[in-house]
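Structure file my_file.txt (compact mmCIF, C-alpha atoms (C1' of nucleotides)) is printed below.
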```txt
# COMPACT_ATOMS: atom_id res chain seq x y z
CA MET A 23 -10.48 -20.56 -22.00
CA LYS A 24 -10.45 -17.25 -20.13
CA LEU A 25 -7.17 -15.47 -19.49
CA ALA A 26 -7.01 -12.39 -17.26
CA THR A 27 -4.50 -9.81 -16.11
CA TRP A 28 -4.64 -7.52 -13.09
CA ASN A 29 -2.15 -5.16 -11.52
CA VAL A 30 -3.24 -5.59 -7.90
CA ASN A 31 -0.90 -2.93 -6.40
CA SER A 32 0.07 -5.05 -3.36
CA LEU A 33 -1.20 -8.61 -3.19
CA LYS A 34 -1.15 -8.40 0.60
CA VAL A 35 -3.65 -5.53 0.62
CA ARG A 36 -5.68 -6.80 -2.34
CA LEU A 37 -5.92 -10.53 -1.56
CA PRO A 38 -9.56 -10.24 -0.36
CA HIS A 39 -10.50 -8.42 -3.58
CA LEU A 40 -8.67 -11.01 -5.66
CA LEU A 41 -10.35 -13.95 -3.94
CA ASP A 42 -13.79 -12.32 -4.29
CA TRP A 43 -13.12 -11.56 -7.93
CA LEU A 44 -11.96 -15.10 -8.72
CA ALA A 45 -15.05 -16.52 -7.01
CA ALA A 46 -17.24 -14.35 -9.24
CA ASN A 47 -15.01 -14.74 -12.31
CA PRO A 48 -13.53 -18.24 -12.29
CA VAL A 49 -11.06 -17.57 -15.12
CA ASP A 50 -8.72 -20.36 -16.21
CA ALA A 51 -5.66 -18.25 -15.47
CA ILE A 52 -4.81 -14.77 -14.23
CA CYS A 53 -1.57 -12.81 -14.42
CA LEU A 54 -0.83 -10.52 -11.49
CA GLN A 55 1.53 -7.54 -11.31
CA GLU A 56 2.89 -5.41 -8.48
CA THR A 57 2.46 -8.15 -5.91
CA LYS A 58 5.12 -6.30 -3.83
CA GLN A 59 5.79 -9.45 -1.83
CA GLN A 60 8.74 -11.70 -1.27
CA ASP A 61 8.18 -15.28 -2.38
CA ALA A 62 8.18 -16.50 1.24
CA ASP A 63 5.07 -14.39 1.88
CA PHE A 64 3.15 -15.38 -1.27
CA PRO A 65 -0.37 -16.56 -0.26
CA GLN A 66 -0.05 -19.87 -2.06
CA ALA A 67 -2.27 -21.79 0.37
CA ALA A 68 -5.20 -19.34 0.20
CA LEU A 69 -5.06 -19.38 -3.60
CA GLN A 70 -4.83 -23.18 -3.67
CA THR A 71 -7.95 -23.31 -1.51
CA ALA A 72 -9.62 -21.02 -4.05
CA GLY A 73 -8.76 -23.57 -6.75
CA TYR A 74 -5.61 -22.08 -8.26
CA TYR A 75 -2.08 -23.34 -8.74
CA SER A 76 0.47 -20.54 -8.73
CA ALA A 77 3.88 -19.57 -10.01
CA PHE A 78 5.40 -16.37 -8.68
CA SER A 79 8.46 -14.15 -8.71
CA GLY A 80 8.43 -11.46 -6.07
CA GLN A 81 10.63 -9.04 -4.21
CA LYS A 82 10.34 -6.71 -1.27
CA THR A 83 8.42 -3.42 -1.71
CA TYR A 84 8.33 -3.15 -5.51
CA ASN A 85 7.34 -5.05 -8.65
CA GLY A 86 6.57 -8.77 -8.39
CA VAL A 87 4.56 -10.94 -10.80
CA ALA A 88 2.58 -14.16 -10.58
CA ILE A 89 0.44 -16.49 -12.68
CA LEU A 90 -2.49 -18.36 -11.16
CA SER A 91 -4.03 -21.29 -13.02
CA ARG A 92 -6.83 -23.80 -12.47
CA THR A 93 -4.62 -26.48 -14.05
CA PRO A 94 -0.93 -27.07 -13.31
CA LEU A 95 1.63 -24.70 -14.81
CA SER A 96 4.62 -26.14 -16.64
CA GLU A 97 7.87 -24.80 -18.15
CA VAL A 98 7.94 -21.85 -15.78
CA GLN A 99 10.34 -19.12 -16.88
CA TYR A 100 11.50 -16.31 -14.57
CA GLY A 101 12.60 -13.07 -16.17
CA ILE A 102 13.70 -12.44 -19.75
CA PRO A 103 16.41 -14.95 -20.73
CA ASN A 104 19.87 -13.41 -21.17
CA PHE A 105 18.65 -10.04 -19.86
CA THR A 106 20.02 -9.21 -16.43
CA ASP A 107 17.40 -7.44 -14.36
CA GLU A 108 17.16 -7.20 -10.58
CA GLN A 109 13.51 -6.23 -10.87
CA LYS A 110 10.94 -9.01 -10.86
CA ARG A 111 8.80 -8.12 -13.84
CA VAL A 112 8.38 -11.28 -15.93
CA ILE A 113 7.07 -14.77 -15.38
CA ALA A 114 5.91 -17.20 -18.06
CA ALA A 115 4.36 -20.65 -17.99
CA THR A 116 2.62 -23.13 -20.26
CA ILE A 117 -1.04 -23.77 -19.43
CA ASN A 118 -3.06 -26.24 -21.47
CA GLY A 119 -0.79 -25.76 -24.46
CA VAL A 120 -0.89 -21.96 -24.28
CA ARG A 121 2.28 -20.04 -23.49
CA VAL A 122 1.20 -17.40 -20.96
CA VAL A 123 3.65 -14.53 -20.51
CA CYS A 124 3.00 -12.16 -17.61
CA VAL A 125 4.77 -8.78 -17.71
CA TYR A 126 5.03 -5.70 -15.57
CA ILE A 127 6.64 -3.31 -18.03
CA PRO A 128 8.62 -0.49 -16.38
CA ASN A 129 6.80 2.80 -15.84
CA GLY A 130 9.63 5.03 -17.07
CA GLN A 131 8.78 7.91 -14.70
CA SER A 132 9.55 10.73 -17.18
CA LEU A 133 11.18 11.09 -20.57
CA ASP A 134 14.38 12.58 -19.11
CA SER A 135 14.77 9.84 -16.49
CA ASP A 136 17.22 6.94 -16.50
CA LYS A 137 14.15 4.83 -15.84
CA TYR A 138 12.80 5.80 -19.24
CA GLN A 139 15.97 4.51 -20.94
CA TYR A 140 15.65 1.33 -18.88
CA LYS A 141 12.05 1.00 -20.05
CA LEU A 142 13.02 1.24 -23.73
CA LYS A 143 15.91 -1.22 -23.34
CA TRP A 144 13.63 -3.54 -21.42
CA LEU A 145 11.01 -3.42 -24.18
CA ALA A 146 13.64 -4.21 -26.83
CA ALA A 147 14.81 -7.23 -24.83
CA LEU A 148 11.21 -8.38 -24.39
CA ARG A 149 10.57 -8.13 -28.13
CA ASP A 150 13.74 -10.04 -29.03
CA TRP A 151 12.87 -12.84 -26.61
CA LEU A 152 9.23 -13.05 -27.73
CA ALA A 153 10.29 -13.33 -31.37
CA LEU A 154 11.90 -16.65 -30.42
CA GLU A 155 9.17 -17.66 -27.99
CA ILE A 156 6.38 -17.28 -30.58
CA LYS A 157 8.22 -19.62 -32.95
CA GLN A 158 8.38 -22.21 -30.21
CA TYR A 159 4.83 -21.63 -28.94
CA PRO A 160 2.38 -20.59 -31.68
CA ASN A 161 -0.34 -20.26 -29.04
CA LEU A 162 1.05 -17.40 -26.96
CA ALA A 163 -0.57 -14.67 -24.91
CA LEU A 164 1.26 -11.64 -23.50
CA LEU A 165 -0.67 -10.21 -20.59
CA GLY A 166 0.13 -7.48 -18.14
CA ASP A 167 0.60 -3.89 -17.18
CA TYR A 168 2.35 -2.43 -20.22
CA ASN A 169 2.54 1.13 -18.91
CA ILE A 170 1.83 2.19 -22.51
CA ALA A 171 -1.38 3.66 -23.89
CA PRO A 172 -1.05 2.52 -27.51
CA GLU A 173 -3.23 5.19 -29.14
CA ASP A 174 -4.80 8.55 -28.33
CA ARG A 175 -8.19 6.88 -27.96
CA ASP A 176 -6.69 5.02 -24.99
CA VAL A 177 -6.10 8.33 -23.17
CA TYR A 178 -8.75 10.53 -21.50
CA ASP A 179 -6.93 13.76 -22.39
CA PRO A 180 -4.58 13.12 -25.32
CA ALA A 181 -3.61 16.79 -25.66
CA GLY A 182 -2.79 17.09 -21.98
CA TRP A 183 -0.79 13.85 -22.02
CA ALA A 184 1.04 14.52 -25.30
CA GLY A 185 4.76 13.85 -25.00
CA ASN A 186 4.37 12.37 -21.53
CA VAL A 187 5.63 9.01 -20.35
CA LEU A 188 3.12 6.20 -21.13
CA VAL A 189 2.14 7.86 -24.44
CA SER A 190 5.45 8.98 -25.95
CA GLU A 191 6.31 8.05 -29.52
CA PRO A 192 9.21 5.68 -28.65
CA GLU A 193 7.01 3.78 -26.19
CA ARG A 194 4.22 3.49 -28.73
CA ALA A 195 6.74 2.35 -31.35
CA ALA A 196 7.87 -0.36 -28.93
CA PHE A 197 4.26 -1.45 -28.54
CA GLN A 198 3.91 -1.59 -32.32
CA SER A 199 7.08 -3.69 -32.53
CA LEU A 200 5.31 -6.26 -30.35
CA LEU A 201 2.39 -6.26 -32.78
CA GLN A 202 4.87 -6.74 -35.62
CA LEU A 203 5.80 -10.09 -34.08
CA GLY A 204 2.32 -11.19 -35.07
CA LEU A 205 0.60 -10.32 -31.80
CA ARG A 206 -2.85 -8.75 -31.80
CA ASP A 207 -4.41 -6.44 -29.21
CA SER A 208 -7.33 -8.68 -28.21
CA TYR A 209 -9.32 -5.72 -26.89
CA ARG A 210 -9.34 -4.13 -30.36
CA LEU A 211 -10.49 -7.30 -32.09
CA PHE A 212 -14.00 -6.35 -30.93
CA GLU A 213 -16.36 -3.39 -30.80
CA GLN A 214 -15.73 -1.48 -27.57
CA ALA A 215 -17.26 1.53 -25.89
CA ASP A 216 -15.45 4.85 -26.33
CA LYS A 217 -13.39 6.05 -23.38
CA SER A 218 -12.54 2.57 -22.16
CA TYR A 219 -9.66 2.54 -19.70
CA SER A 220 -7.94 0.11 -17.34
CA TRP A 221 -6.24 2.51 -14.92
CA TRP A 222 -7.34 5.65 -13.10
CA ASP A 223 -5.22 7.80 -10.79
CA TYR A 224 -6.13 7.58 -7.11
CA ARG A 225 -6.17 11.38 -6.96
CA MET A 226 -8.61 14.00 -8.20
CA MET A 227 -11.55 11.58 -8.16
CA ALA A 228 -10.16 10.36 -11.47
CA PHE A 229 -12.23 7.18 -11.57
CA ARG A 230 -15.52 8.95 -10.94
CA ARG A 231 -14.64 11.41 -13.70
CA ASN A 232 -13.36 8.61 -15.97
CA MET A 233 -9.96 10.28 -16.29
CA GLY A 234 -8.15 7.08 -17.21
CA LEU A 235 -5.71 5.34 -19.49
CA ARG A 236 -5.81 1.93 -21.17
CA ILE A 237 -2.40 0.54 -20.25
CA ASP A 238 -3.21 -3.07 -19.29
CA HIS A 239 -3.38 -5.35 -22.28
CA VAL A 240 -3.85 -8.90 -23.50
CA LEU A 241 -1.93 -9.46 -26.72
CA VAL A 242 -2.50 -12.76 -28.49
CA SER A 243 -0.62 -14.60 -31.23
CA GLU A 244 -2.34 -15.12 -34.60
CA ALA A 245 -3.30 -18.69 -33.73
CA LEU A 246 -4.91 -17.54 -30.48
CA ALA A 247 -6.52 -14.51 -32.14
CA GLU A 248 -8.41 -16.90 -34.42
CA ARG A 249 -9.87 -18.51 -31.31
CA CYS A 250 -10.45 -15.26 -29.41
CA ILE A 251 -14.17 -14.55 -28.95
CA GLY A 252 -14.10 -11.58 -26.58
CA CYS A 253 -12.10 -9.18 -24.44
CA VAL A 254 -13.52 -7.07 -21.62
CA ILE A 255 -12.30 -4.66 -18.97
CA ASP A 256 -14.03 -5.29 -15.65
CA LYS A 257 -14.44 -1.98 -13.84
CA ALA A 258 -16.30 -3.48 -10.87
CA PRO A 259 -13.29 -3.96 -8.54
CA ARG A 260 -12.28 -0.31 -9.03
CA LYS A 261 -15.52 0.71 -7.27
CA LEU A 262 -14.73 -1.19 -4.06
CA GLU A 263 -13.27 0.27 -0.87
CA ARG A 264 -9.47 0.48 -1.07
CA PRO A 265 -9.23 -0.64 -4.69
CA SER A 266 -6.22 -1.23 -6.88
CA ASP A 267 -5.81 1.68 -9.29
CA HIS A 268 -5.91 -0.90 -12.14
CA THR A 269 -8.81 -3.16 -13.17
CA PRO A 270 -8.80 -6.69 -14.57
CA VAL A 271 -8.80 -7.32 -18.31
CA VAL A 272 -10.16 -10.68 -19.50
CA ALA A 273 -9.82 -12.32 -22.92
CA GLU A 274 -11.81 -15.39 -23.86
CA MET A 275 -10.66 -18.08 -26.29
CA LYS A 276 -12.85 -20.68 -27.91
CA THR A 277 -11.63 -24.21 -27.13
CA ASP A 278 -11.69 -26.13 -30.41
C1' DA B 5 -0.89 23.80 -9.64
C1' DT B 6 4.47 19.14 -9.57
C1' DG B 7 -0.08 18.94 -5.99
C1' DG B 8 -3.99 15.83 -5.60
C1' DC B 9 -3.58 9.51 -3.42
C1' DT B 10 -1.81 4.80 -2.07
C1' DT B 11 1.71 1.59 -0.96
C1' DC B 12 5.77 0.09 1.62
C1' DA B 13 9.12 1.73 4.11
C1' DT B 14 11.00 3.93 8.14
C1' DA B 15 10.70 7.73 11.45
C1' DG B 16 13.36 11.67 6.01
C1' DT B 17 14.34 16.59 3.24
C1' DG B 18 10.50 9.64 1.90
C1' DA B 19 10.33 6.98 -2.73
C1' DA B 20 7.70 5.39 -6.41
C1' DG B 21 3.89 4.71 -8.98
C1' DA B 22 1.25 6.39 -13.63
```
Would it be possible to restate this file's structure as structure tokens?
Amino acid sequence: MKLATWNVNSLKVRLPHLLDWLAANPVDAICLQETKQQDADFPQAALQTAGYYSAFSGQKTYNGVAILSRTPLSEVQYGIPNFTDEQKRVIAATINGVRVVCVYIPNGQSLDSDKYQYKLKWLAALRDWLALEIKQYPNLALLGDYNIAPEDRDVYDPAGWAGNVLVSEPERAAFQSLLQLGLRDSYRLFEQADKSYSWWDYRMMAFRRNMGLRIDHVLVSEALAERCIGCVIDKAPRKLERPSDHTPVVAEMKTD
DNA sequence: ATGGCTTCATAGTGAAGA
């Protein structure tokens, strides 16, 4: 079973890239972030034609998440239960016995911003909910754009980024608190090349110079980690014309 | 160097992303 995540930065603009990528990489399910589309505009028919069922939670202009799956999705959950949030950042569904949780974690903007406080509160609510969810669903995967680079090796210039949003100590502590639930960073279960990133700024030719961050992650529960046989970042779509600034991350699980 | 790029929005002195 292959599970993927991709912040597409506008599904409307990126739909051709997504369809091409799914044709070349027929994953079992993919989590999308920053669809930036109201539900009425979601390209359900085109994705169905490509072989994918979909569940989605969108809004105008900002945010928006979706899960696509080759098999039907059940027990679809929108948002974090008991956490009021206007912003569409969470959708979860059960796929072949695996609880798939798709998140677009807030960016935070800067450490002195209200958005940073919102990010930390949001992460605490996510952790509290997942603590319950993991008990109910031992096979759980948390995929998405975390907007957190967990360690300095996930940052192209750790000294330059020190103290900045995406790498600050409270954000990294929140990431660790997710691991403390029993989740594992599937990417780090395997040998990986140095300087591996999942996002590069559009400016300053950052991709060509590999000035990136690893902020898109696939975390897996212990039961899934035992079945996990690989995790890769696919840089190919970042090289296309008019790319998303993020690239897909794909984890593969052995089916017993 | 607070810009550099891209998106959606509106026609701004843009806003937000990361």
- Residue contacts of Tyr219 in chain A (9 Å, all atoms listed in the file) excluding same-chain residues fewer than 6 positions away, as a ChimeraX atom specification: /A:176-178,232-238,255,257,269
- Query: By how many Å are CA of Trp43 in chain A and CA of Pro128 in chain A apart?
  - Reply: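 Computing it gives 25.8 Å between the two atoms.
Taking CA of Leu54 in chain A and CA of Leu205 in chain A as endpoints, the distance between them is 20.4 Å.
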- Message: One decimal, in Å: what's the spacing between CA of Gly185 in chain A and CA of Tyr168 in chain A?
- Response: 17.1 Å
- Message: Based on only C-alpha atoms (C1' of nucleotides), which of the residues in chain A come within 9 Å of chain B? I want them as a list of chain:residue names.
- Response: A:Asn31, A:Ser32, A:Lys58, A:Lys82, A:Thr83, A:Tyr84, A:Asn129, A:Gln131, A:Asn169, A:Val187, A:Leu188, A:Trp221, A:Trp222, A:Asp223, A:Tyr224, A:Arg225, A:Met226, A:Arg264, A:Ser266, A:Asp267
Okay, now the selection with C-alpha atoms, as a short mmCIF file (atom, residue, chain, number, x, y, z; two decimals), in the frame of the given file?
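What ended up in out21.cif:
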```
data_model
loop_
_atom_site.label_atom_id
_atom_site.label_comp_id
_atom_site.auth_asym_id
_atom_site.auth_seq_id
_atom_site.Cartn_x
_atom_site.Cartn_y
_atom_site.Cartn_z
CA ASN A 31 -0.90 -2.93 -6.40
CA SER A 32 0.07 -5.05 -3.36
CA LYS A 58 5.12 -6.30 -3.83
CA LYS A 82 10.34 -6.71 -1.27
CA THR A 83 8.42 -3.42 -1.71
CA TYR A 84 8.33 -3.15 -5.51
CA ASN A 129 6.80 2.80 -15.84
CA GLN A 131 8.78 7.91 -14.70
CA ASN A 169 2.54 1.13 -18.91
CA VAL A 187 5.63 9.01 -20.35
CA LEU A 188 3.12 6.20 -21.13
CA TRP A 221 -6.24 2.51 -14.92
CA TRP A 222 -7.34 5.65 -13.10
CA ASP A 223 -5.22 7.80 -10.79
CA TYR A 224 -6.13 7.58 -7.11
CA ARG A 225 -6.17 11.38 -6.96
CA MET A 226 -8.61 14.00 -8.20
CA ARG A 264 -9.47 0.48 -1.07
CA SER A 266 -6.22 -1.23 -6.88
CA ASP A 267 -5.81 1.68 -9.29
#
```
To test the calculation: enclose all listed atoms of range 73-85 of chain A in a box whose edges run along x, y and z, add 6 Å on each side, then state centre and edge lengths in Å to one decimal, as AutoDock Vina command-line options.
```
--center_x 0.9 --center_y -13.4 --center_z -5.6 --size_x 31.4 --size_y 32.4 --size_z 20.7
```
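In this comparison, which uses only C-alpha atoms, the residue of A:Leu211, A:Leu203, A:Ala114, A:Ile127 approaching Asp167 in chain A most closely is A:Ile127.
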